[in-house]
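Novice: For reference, this is my_file.pdb, and it has PDB, C-alpha atoms, pLDDT in the B column.
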ATOM      1  CA  MET A1107      21.471 251.278  77.049  1.00 80.00           C
ATOM      2  CA  ALA A1108      21.890 247.512  76.945  1.00 89.00           C
ATOM      3  CA  THR A1109      19.891 245.475  79.445  1.00 92.00           C
ATOM      4  CA  TYR A1110      19.939 241.954  80.830  1.00 94.00           C
ATOM      5  CA  PRO A1111      16.618 240.165  81.419  1.00 95.00           C
ATOM      6  CA  MET A1112      16.204 238.338  84.742  1.00 95.00           C
ATOM      7  CA  HIS A1113      13.500 236.355  86.469  1.00 97.00           C
ATOM      8  CA  VAL A1114      13.659 237.165  90.202  1.00 97.00           C
ATOM      9  CA  ALA A1115      11.161 236.151  92.897  1.00 97.00           C
ATOM     10  CA  GLY A1116       8.640 235.213  90.238  1.00 97.00           C
ATOM     11  CA  LEU A1117       8.950 238.515  88.359  1.00 97.00           C
ATOM     12  CA  ASP A1118      10.650 239.496  85.114  1.00 97.00           C
ATOM     13  CA  ARG A1119      12.863 242.576  85.061  1.00 96.00           C
ATOM     14  CA  ASP A1120      15.462 244.067  82.700  1.00 95.00           C
ATOM     15  CA  PHE A1121      18.641 245.261  84.417  1.00 94.00           C
ATOM     16  CA  PRO A1122      20.670 248.036  82.747  1.00 94.00           C
ATOM     17  CA  ILE A1123      24.222 246.923  82.019  1.00 94.00           C
ATOM     18  CA  CYS A1124      26.616 249.460  83.576  1.00 92.00           C
ATOM     19  CA  LYS A1125      30.358 249.971  83.274  1.00 92.00           C
ATOM     20  CA  VAL A1126      32.497 249.396  86.371  1.00 89.00           C
ATOM     21  CA  THR A1127      35.876 249.234  84.592  1.00 89.00           C
ATOM     22  CA  ASP A1128      36.892 248.968  80.928  1.00 91.00           C
ATOM     23  CA  ASP A1129      36.587 245.182  81.088  1.00 89.00           C
ATOM     24  CA  LEU A1130      33.901 244.736  83.754  1.00 90.00           C
ATOM     25  CA  TYR A1131      30.215 245.594  83.404  1.00 92.00           C
ATOM     26  CA  ILE A1132      27.433 244.679  85.800  1.00 93.00           C
ATOM     27  CA  GLY A1133      23.672 244.331  85.635  1.00 93.00           C
ATOM     28  CA  ALA A1134      22.302 247.121  87.850  1.00 92.00           C
ATOM     29  CA  PHE A1135      19.733 245.678  90.233  1.00 93.00           C
ATOM     30  CA  ILE A1136      17.764 248.566  91.716  1.00 90.00           C
ATOM     31  CA  MET A1137      14.724 247.878  93.880  1.00 91.00           C
ATOM     32  CA  PHE A1138      14.130 251.567  94.680  1.00 92.00           C
ATOM     33  CA  GLY A1139      10.667 252.465  93.456  1.00 93.00           C
ATOM     34  CA  ASP A1140       9.721 248.885  92.533  1.00 96.00           C
ATOM     35  CA  ALA A1141       7.339 247.986  95.351  1.00 97.00           C
ATOM     36  CA  GLU A1142       6.206 244.746  93.713  1.00 98.00           C
ATOM     37  CA  LEU A1143       9.779 243.458  93.377  1.00 98.00           C
ATOM     38  CA  THR A1144      10.686 244.527  96.914  1.00 98.00           C
ATOM     39  CA  VAL A1145       7.693 242.726  98.427  1.00 98.00           C
ATOM     40  CA  ARG A1146       8.305 239.539  96.452  1.00 98.00           C
ATOM     41  CA  CYS A1147      12.059 239.454  97.146  1.00 98.00           C
ATOM     42  CA  ALA A1148      11.429 239.963 100.874  1.00 98.00           C
ATOM     43  CA  GLU A1149       8.904 237.127 100.851  1.00 98.00           C
ATOM     44  CA  GLU A1150      11.323 234.742  99.123  1.00 98.00           C
ATOM     45  CA  LEU A1151      14.291 235.701 101.325  1.00 98.00           C
ATOM     46  CA  LEU A1152      12.216 235.079 104.438  1.00 98.00           C
ATOM     47  CA  LYS A1153      11.501 231.576 103.143  1.00 98.00           C
ATOM     48  CA  LEU A1154      15.271 231.027 102.811  1.00 96.00           C
ATOM     49  CA  ALA A1155      15.783 232.400 106.327  1.00 97.00           C
ATOM     50  CA  GLU A1156      13.434 229.869 107.937  1.00 96.00           C
ATOM     51  CA  GLY A1157      16.353 227.601 108.897  1.00 91.00           C
ATOM     52  CA  ILE A1158      18.492 230.406 110.344  1.00 96.00           C
ATOM     53  CA  ASP A1159      18.428 231.260 114.044  1.00 97.00           C
ATOM     54  CA  TYR A1160      18.598 235.063 114.347  1.00 98.00           C
ATOM     55  CA  ASP A1161      17.376 237.856 116.582  1.00 98.00           C
ATOM     56  CA  TYR A1162      17.726 240.796 114.196  1.00 98.00           C
ATOM     57  CA  LEU A1163      18.082 241.646 110.511  1.00 98.00           C
ATOM     58  CA  PHE A1164      20.994 243.914 109.531  1.00 98.00           C
ATOM     59  CA  THR A1165      21.921 245.669 106.283  1.00 97.00           C
ATOM     60  CA  ALA A1166      24.006 248.551 104.952  1.00 94.00           C
ATOM     61  CA  GLU A1167      22.511 251.681 103.451  1.00 89.00           C
ATOM     62  CA  ALA A1168      21.153 252.384 100.942  1.00 84.00           C
ATOM     63  CA  LYS A1169      19.732 250.071  98.257  1.00 90.00           C
ATOM     64  CA  SER A1170      18.767 247.322 100.724  1.00 95.00           C
ATOM     65  CA  ILE A1171      16.764 249.564 103.057  1.00 96.00           C
ATOM     66  CA  PRO A1172      13.368 248.966 101.384  1.00 96.00           C
ATOM     67  CA  LEU A1173      14.138 245.231 101.307  1.00 97.00           C
ATOM     68  CA  ILE A1174      15.014 244.891 104.987  1.00 97.00           C
ATOM     69  CA  HIS A1175      12.060 247.051 105.973  1.00 98.00           C
ATOM     70  CA  GLU A1176       9.710 244.804 104.006  1.00 98.00           C
ATOM     71  CA  MET A1177      11.321 241.677 105.478  1.00 98.00           C
ATOM     72  CA  ALA A1178      10.776 243.092 108.979  1.00 98.00           C
ATOM     73  CA  ARG A1179       7.187 244.026 108.157  1.00 98.00           C
ATOM     74  CA  GLN A1180       6.355 240.599 106.742  1.00 98.00           C
ATOM     75  CA  SER A1181       8.061 238.717 109.572  1.00 97.00           C
ATOM     76  CA  GLY A1182       6.631 240.868 112.342  1.00 97.00           C
ATOM     77  CA  ALA A1183      10.069 242.049 113.498  1.00 97.00           C
ATOM     78  CA  LYS A1184       9.851 245.198 115.595  1.00 96.00           C
ATOM     79  CA  LYS A1185      13.480 246.274 115.004  1.00 97.00           C
ATOM     80  CA  TYR A1186      16.165 245.970 112.344  1.00 98.00           C
ATOM     81  CA  PHE A1187      19.530 247.661 111.905  1.00 98.00           C
ATOM     82  CA  ILE A1188      21.076 249.714 109.130  1.00 97.00           C
ATOM     83  CA  ALA A1189      24.781 250.470 108.943  1.00 96.00           C
ATOM     84  CA  ARG A1190      25.044 254.067 107.738  1.00 93.00           C
ATOM     85  CA  LYS A1191      27.635 255.390 105.283  1.00 90.00           C
ATOM     86  CA  GLY A1192      28.379 258.368 107.493  1.00 86.00           C
ATOM     87  CA  PRO A1193      28.040 259.289 111.153  1.00 86.00           C
ATOM     88  CA  LYS A1194      24.774 261.035 111.986  1.00 89.00           C
ATOM     89  CA  VAL A1195      24.179 263.611 114.717  1.00 89.00           C
ATOM     90  CA  TYR A1196      21.659 261.308 116.366  1.00 91.00           C
ATOM     91  CA  MET A1197      24.206 258.470 116.712  1.00 89.00           C
ATOM     92  CA  PRO A1198      25.769 258.397 120.169  1.00 91.00           C
ATOM     93  CA  ASP A1199      29.463 257.427 120.052  1.00 92.00           C
ATOM     94  CA  PRO A1200      29.333 255.696 116.645  1.00 92.00           C
ATOM     95  CA  ILE A1201      31.548 252.750 115.854  1.00 93.00           C
ATOM     96  CA  SER A1202      32.798 252.242 112.295  1.00 92.00           C
ATOM     97  CA  VAL A1203      34.567 249.894 109.901  1.00 93.00           C
ATOM     98  CA  GLU A1204      36.056 250.338 106.406  1.00 85.00           C
ATOM     99  CA  ASP A1205      34.012 249.222 103.394  1.00 75.00           C
ATOM    100  CA  LYS A1206      34.859 248.746  99.720  1.00 65.00           C
ATOM    101  CA  SER A1207      31.987 247.963  97.367  1.00 60.00           C
ATOM    102  CA  ILE A1208      32.145 247.194  93.637  1.00 56.00           C
ATOM    103  CA  THR A1209      29.557 249.917  92.937  1.00 56.00           C
ATOM    104  CA  THR A1210      31.294 252.633  94.967  1.00 56.00           C
ATOM    105  CA  VAL A1211      34.383 254.309  93.544  1.00 58.00           C
ATOM    106  CA  ALA A1212      36.093 255.327  96.787  1.00 61.00           C
ATOM    107  CA  GLN A1213      36.759 253.538 100.037  1.00 74.00           C
ATOM    108  CA  GLN A1214      33.974 254.282 102.495  1.00 82.00           C
ATOM    109  CA  LYS A1215      33.065 253.530 106.091  1.00 89.00           C
ATOM    110  CA  LEU A1216      30.002 252.017 107.695  1.00 93.00           C
ATOM    111  CA  PHE A1217      28.761 253.431 111.007  1.00 95.00           C
ATOM    112  CA  LEU A1218      26.534 252.215 113.804  1.00 96.00           C
ATOM    113  CA  GLY A1219      25.520 254.192 116.886  1.00 96.00           C
ATOM    114  CA  SER A1220      26.453 252.823 120.280  1.00 96.00           C
ATOM    115  CA  ASP A1221      22.747 252.631 121.146  1.00 96.00           C
ATOM    116  CA  ASP A1222      22.200 250.150 118.306  1.00 97.00           C
ATOM    117  CA  ALA A1223      25.467 248.385 119.153  1.00 97.00           C
ATOM    118  CA  ASP A1224      24.160 247.885 122.702  1.00 97.00           C
ATOM    119  CA  LEU A1225      21.050 246.166 121.311  1.00 98.00           C
ATOM    120  CA  ILE A1226      23.155 243.946 119.025  1.00 98.00           C
ATOM    121  CA  ARG A1227      25.577 242.862 121.770  1.00 98.00           C
ATOM    122  CA  GLY A1228      25.079 239.174 122.495  1.00 98.00           C
ATOM    123  CA  LYS A1229      22.488 238.756 119.736  1.00 98.00           C
ATOM    124  CA  LYS A1230      22.345 236.616 116.586  1.00 98.00           C
ATOM    125  CA  ILE A1231      22.303 238.681 113.398  1.00 98.00           C
ATOM    126  CA  LEU A1232      21.172 237.851 109.859  1.00 98.00           C
ATOM    127  CA  LEU A1233      22.958 239.993 107.251  1.00 98.00           C
ATOM    128  CA  VAL A1234      20.845 241.004 104.251  1.00 98.00           C
ATOM    129  CA  ASP A1235      21.943 242.696 101.026  1.00 96.00           C
ATOM    130  CA  ASP A1236      20.463 243.279  97.609  1.00 96.00           C
ATOM    131  CA  VAL A1237      23.490 241.950  95.699  1.00 95.00           C
ATOM    132  CA  ILE A1238      26.623 240.197  96.919  1.00 94.00           C
ATOM    133  CA  SER A1239      29.468 240.541  94.432  1.00 90.00           C
ATOM    134  CA  THR A1240      33.016 240.856  95.747  1.00 86.00           C
ATOM    135  CA  GLY A1241      31.785 240.458  99.311  1.00 88.00           C
ATOM    136  CA  GLY A1242      33.330 243.746 100.470  1.00 88.00           C
ATOM    137  CA  SER A1243      30.131 245.225 101.891  1.00 89.00           C
ATOM    138  CA  LEU A1244      29.193 241.903 103.468  1.00 92.00           C
ATOM    139  CA  LYS A1245      32.615 241.667 105.119  1.00 93.00           C
ATOM    140  CA  ALA A1246      32.267 245.228 106.454  1.00 93.00           C
ATOM    141  CA  MET A1247      28.779 244.525 107.833  1.00 95.00           C
ATOM    142  CA  GLU A1248      30.085 241.395 109.533  1.00 96.00           C
ATOM    143  CA  ALA A1249      32.995 243.325 111.058  1.00 95.00           C
ATOM    144  CA  LEU A1250      30.592 245.996 112.341  1.00 96.00           C
ATOM    145  CA  VAL A1251      28.307 243.393 113.929  1.00 97.00           C
ATOM    146  CA  GLU A1252      31.303 241.711 115.574  1.00 97.00           C
ATOM    147  CA  LYS A1253      32.622 245.089 116.781  1.00 96.00           C
ATOM    148  CA  ALA A1254      29.196 245.676 118.350  1.00 97.00           C
ATOM    149  CA  GLY A1255      29.414 242.309 120.119  1.00 98.00           C
ATOM    150  CA  GLY A1256      26.909 240.405 118.007  1.00 98.00           C
ATOM    151  CA  THR A1257      27.279 237.119 116.136  1.00 98.00           C
ATOM    152  CA  VAL A1258      26.492 236.734 112.456  1.00 98.00           C
ATOM    153  CA  THR A1259      24.427 233.576 111.992  1.00 98.00           C
ATOM    154  CA  GLY A1260      23.524 234.005 108.320  1.00 97.00           C
ATOM    155  CA  ARG A1261      24.219 235.960 105.148  1.00 98.00           C
ATOM    156  CA  MET A1262      21.760 236.424 102.310  1.00 98.00           C
ATOM    157  CA  ALA A1263      21.024 238.516  99.265  1.00 97.00           C
ATOM    158  CA  VAL A1264      18.563 238.697  96.440  1.00 98.00           C
ATOM    159  CA  LEU A1265      21.340 238.156  93.891  1.00 97.00           C
ATOM    160  CA  ALA A1266      24.825 236.643  93.919  1.00 97.00           C
ATOM    161  CA  GLU A1267      26.893 238.332  91.227  1.00 95.00           C
ATOM    162  CA  GLY A1268      29.712 236.670  89.335  1.00 91.00           C
ATOM    163  CA  GLY A1269      31.912 234.441  91.507  1.00 92.00           C
ATOM    164  CA  ALA A1270      29.820 235.141  94.616  1.00 94.00           C
ATOM    165  CA  ALA A1271      27.362 232.531  93.330  1.00 94.00           C
ATOM    166  CA  ASP A1272      29.991 229.882  94.137  1.00 95.00           C
ATOM    167  CA  ARG A1273      30.194 230.859  97.804  1.00 94.00           C
ATOM    168  CA  LYS A1274      28.841 228.303 100.277  1.00 95.00           C
ATOM    169  CA  ASP A1275      28.345 230.780 103.149  1.00 95.00           C
ATOM    170  CA  ILE A1276      25.567 232.850 101.547  1.00 96.00           C
ATOM    171  CA  LEU A1277      21.975 232.233 100.534  1.00 97.00           C
ATOM    172  CA  PHE A1278      20.516 233.988  97.500  1.00 98.00           C
ATOM    173  CA  LEU A1279      17.571 233.874  95.143  1.00 98.00           C
ATOM    174  CA  GLU A1280      19.299 234.084  91.766  1.00 97.00           C
ATOM    175  CA  LYS A1281      22.700 234.281  90.089  1.00 97.00           C
ATOM    176  CA  LEU A1282      23.589 237.484  88.250  1.00 95.00           C
ATOM    177  CA  PRO A1283      26.420 237.225  85.732  1.00 94.00           C
ATOM    178  CA  VAL A1284      28.994 239.920  85.073  1.00 93.00           C
ATOM    179  CA  PHE A1285      29.470 241.213  81.532  1.00 93.00           C
ATOM    180  CA  ASN A1286      31.991 242.196  78.892  1.00 90.00           C
ATOM    181  CA  ALA A1287      31.988 245.644  77.268  1.00 88.00           C
ATOM    182  CA  ASP A1288      29.877 244.324  74.386  1.00 88.00           C
ATOM    183  CA  GLY A1289      27.156 243.147  76.782  1.00 85.00           C
ATOM    184  CA  SER A1290      28.003 239.455  76.504  1.00 89.00           C
ATOM    185  CA  VAL A1291      28.198 237.368  79.684  1.00 91.00           C
ATOM    186  CA  LYS A1292      31.754 236.829  80.978  1.00 87.00           C
TER
END
Since I need it in another form, could you write the structure as structure tokens?
Specialist:
Amino acid sequence: MATYPMHVAGLDRDFPICKVTDDLYIGAFIMFGDAELTVRCAEELLKLAEGIDYDYLFTAEAKSIPLIHEMARQSGAKKYFIARKGPKVYMPDPISVEDKSITTVAQQKLFLGSDDADLIRGKKILLVDDVISTGGSLKAMEALVEKAGGTVTGRMAVLAEGGAADRKDILFLEKLPVFNADGSVK
């Protein structure tokens, strides 16, 4: 499998290049199981977040869960929120929004229990993701926070993929290109 070398948060990693469509391939950034990368990315994102006024961190399941947990641990936050991809039995009266991500084939929904929504209401929220590409997941997270009555005060990710790197409303550590079928950068 072809890979793309990246330097992220002071570390070197090779990302597998994976097919999304016949003419679009992406570098798969997976922090699962890479404790060193997760710790370093959390540290660097918290430095970027120093100028943002927020009460809580918020992400969508699943790949960003270790990242947001480590950010909370390092910052001393006692609580953070995760939008789930399905309603859970422990969620009282869940609210939901539609989500379309570049790495997920089908349309999906993000859910948040009303107990978490009550805590978010009236609060300032910092959205965190591992990679922002098309912005679909970010848009869904923002809609869920707004539906809960919170206000998004910042958006950040470890990587901005493709055209997302040109966005002015997000903070990120590094740019990740998209690729052609032959592995060359688009």
Novice: Name every residue that the PyMOL selection byres ((chain A and resi 1223-1231) around 9) selects in this structure, writing the answer as a list in words with chains first and numbers rising.
Specialist: Asp1159, Tyr1160, Asp1161, Tyr1162, Leu1163, Phe1164, Phe1187, Pro1200, Ile1201, Leu1218, Gly1219, Ser1220, Asp1221, Asp1222, Leu1232, Leu1233, Leu1250, Val1251, Glu1252, Lys1253, Ala1254, Gly1255, Gly1256, Thr1257, Val1258, Thr1259, Gly1260 and Arg1261 of chain A
Novice: Can I get the selection written as a PDB file, in the frame of the given file, with C-alpha atoms?
Specialist:
ATOM      1  CA  ASP A1159      18.428 231.260 114.044  1.00 97.00           C
ATOM      2  CA  TYR A1160      18.598 235.063 114.347  1.00 98.00           C
ATOM      3  CA  ASP A1161      17.376 237.856 116.582  1.00 98.00           C
ATOM      4  CA  TYR A1162      17.726 240.796 114.196  1.00 98.00           C
ATOM      5  CA  LEU A1163      18.082 241.646 110.511  1.00 98.00           C
ATOM      6  CA  PHE A1164      20.994 243.914 109.531  1.00 98.00           C
ATOM      7  CA  PHE A1187      19.530 247.661 111.905  1.00 98.00           C
ATOM      8  CA  PRO A1200      29.333 255.696 116.645  1.00 92.00           C
ATOM      9  CA  ILE A1201      31.548 252.750 115.854  1.00 93.00           C
ATOM     10  CA  LEU A1218      26.534 252.215 113.804  1.00 96.00           C
ATOM     11  CA  GLY A1219      25.520 254.192 116.886  1.00 96.00           C
ATOM     12  CA  SER A1220      26.453 252.823 120.280  1.00 96.00           C
ATOM     13  CA  ASP A1221      22.747 252.631 121.146  1.00 96.00           C
ATOM     14  CA  ASP A1222      22.200 250.150 118.306  1.00 97.00           C
ATOM     15  CA  LEU A1232      21.172 237.851 109.859  1.00 98.00           C
ATOM     16  CA  LEU A1233      22.958 239.993 107.251  1.00 98.00           C
ATOM     17  CA  LEU A1250      30.592 245.996 112.341  1.00 96.00           C
ATOM     18  CA  VAL A1251      28.307 243.393 113.929  1.00 97.00           C
ATOM     19  CA  GLU A1252      31.303 241.711 115.574  1.00 97.00           C
ATOM     20  CA  LYS A1253      32.622 245.089 116.781  1.00 96.00           C
ATOM     21  CA  ALA A1254      29.196 245.676 118.350  1.00 97.00           C
ATOM     22  CA  GLY A1255      29.414 242.309 120.119  1.00 98.00           C
ATOM     23  CA  GLY A1256      26.909 240.405 118.007  1.00 98.00           C
ATOM     24  CA  THR A1257      27.279 237.119 116.136  1.00 98.00           C
ATOM     25  CA  VAL A1258      26.492 236.734 112.456  1.00 98.00           C
ATOM     26  CA  THR A1259      24.427 233.576 111.992  1.00 98.00           C
ATOM     27  CA  GLY A1260      23.524 234.005 108.320  1.00 97.00           C
ATOM     28  CA  ARG A1261      24.219 235.960 105.148  1.00 98.00           C
TER      29      ARG A1261
END
Novice: Could you tell me which residues the PyMOL selection byres ((chain A and resi 1217) around 6) grabs in this file, written as a PyMOL selection string?
Specialist: chain A and resi 1189-1190+1193+1201-1202+1216+1218
Novice: I would like the residues chosen by the PyMOL selection byres ((chain A and resi 1174-1184) around 8) on the shown file; could you give them as a list of chain:residue names?
Specialist: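 On this input, the PyMOL selection byres ((chain A and resi 1174-1184) around 8) captures A:Thr1144, A:Val1145, A:Ala1148, A:Glu1149, A:Leu1151, A:Leu1152, A:Tyr1162, A:Leu1163, A:Phe1164, A:Thr1165, A:Ser1170, A:Ile1171, A:Pro1172, A:Leu1173, A:Lys1185, A:Tyr1186, A:Val1234.
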Novice: Set the distance at 10 Å and use all atoms listed in the file: which residues neighbour A:Glu1150 once local chain neighbours fewer than 5 positions away are removed? I'd like the list as a ChimeraX atom specification.
Specialist: /A:1114-1116,1145,1155,1177,1264,1278-1279
Novice: Looking at A:Val1284, A:Ala1249, A:Cys1147, A:Ile1158, which one is nearest to A:Leu1130, with distances taken over all atoms listed in the file?
Specialist: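 Comparing A:Val1284, A:Ala1249, A:Cys1147, A:Ile1158 against A:Leu1130, the winner is A:Val1284.
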Novice: One decimal, in Å: what's the spacing between atom CA of A:Arg1273 and atom CA of A:Gly1192?
Specialist: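 It comes out at 29.2 Å.
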Novice: Box for stretch 1164-1176 of chain A - axis-aligned, 3 Å on each of the six sides, all listed atoms - centre and size in Å to one decimal, as JSON.
Specialist:
{"center_x": 16.9, "center_y": 248.1, "center_z": 103.9, "size_x": 20.3, "size_y": 14.5, "size_z": 17.3}
Novice: Considering only C-alpha atoms, state which residue in the set A:Ala1168, A:Ile1123, A:Ile1188, A:Leu1244 is at the smallest distance from A:Leu1282.
Specialist: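 Nearest candidate to A:Leu1282 out of A:Ala1168, A:Ile1123, A:Ile1188, A:Leu1244: A:Ile1123.
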Novice: Which residue is closest to A:Leu1265? Choose from A:Val1237, A:Arg1146, A:Ile1132, A:His1113 and count only C-alpha atoms.
Specialist: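 Smallest separation from A:Leu1265 among the options: A:Val1237.
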Novice: At a cut-off of 10 Å, using all atoms listed in the file, what residues contact A:Cys1124? Leave out same-chain residues fewer than 5 positions from it and give the result as a ChimeraX atom specification.
Specialist: /A:1107-1109,1130-1134,1209,1284-1285,1287,1289
Novice: From the set A:Val1203, A:Ile1136, A:Ala1141, A:Ala1271, which residue has the shortest atom-to-atom contact distance to A:Lys1245, counting all atoms listed in the file?
Specialist: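 Among the listed residues, A:Val1203 lies closest to A:Lys1245.
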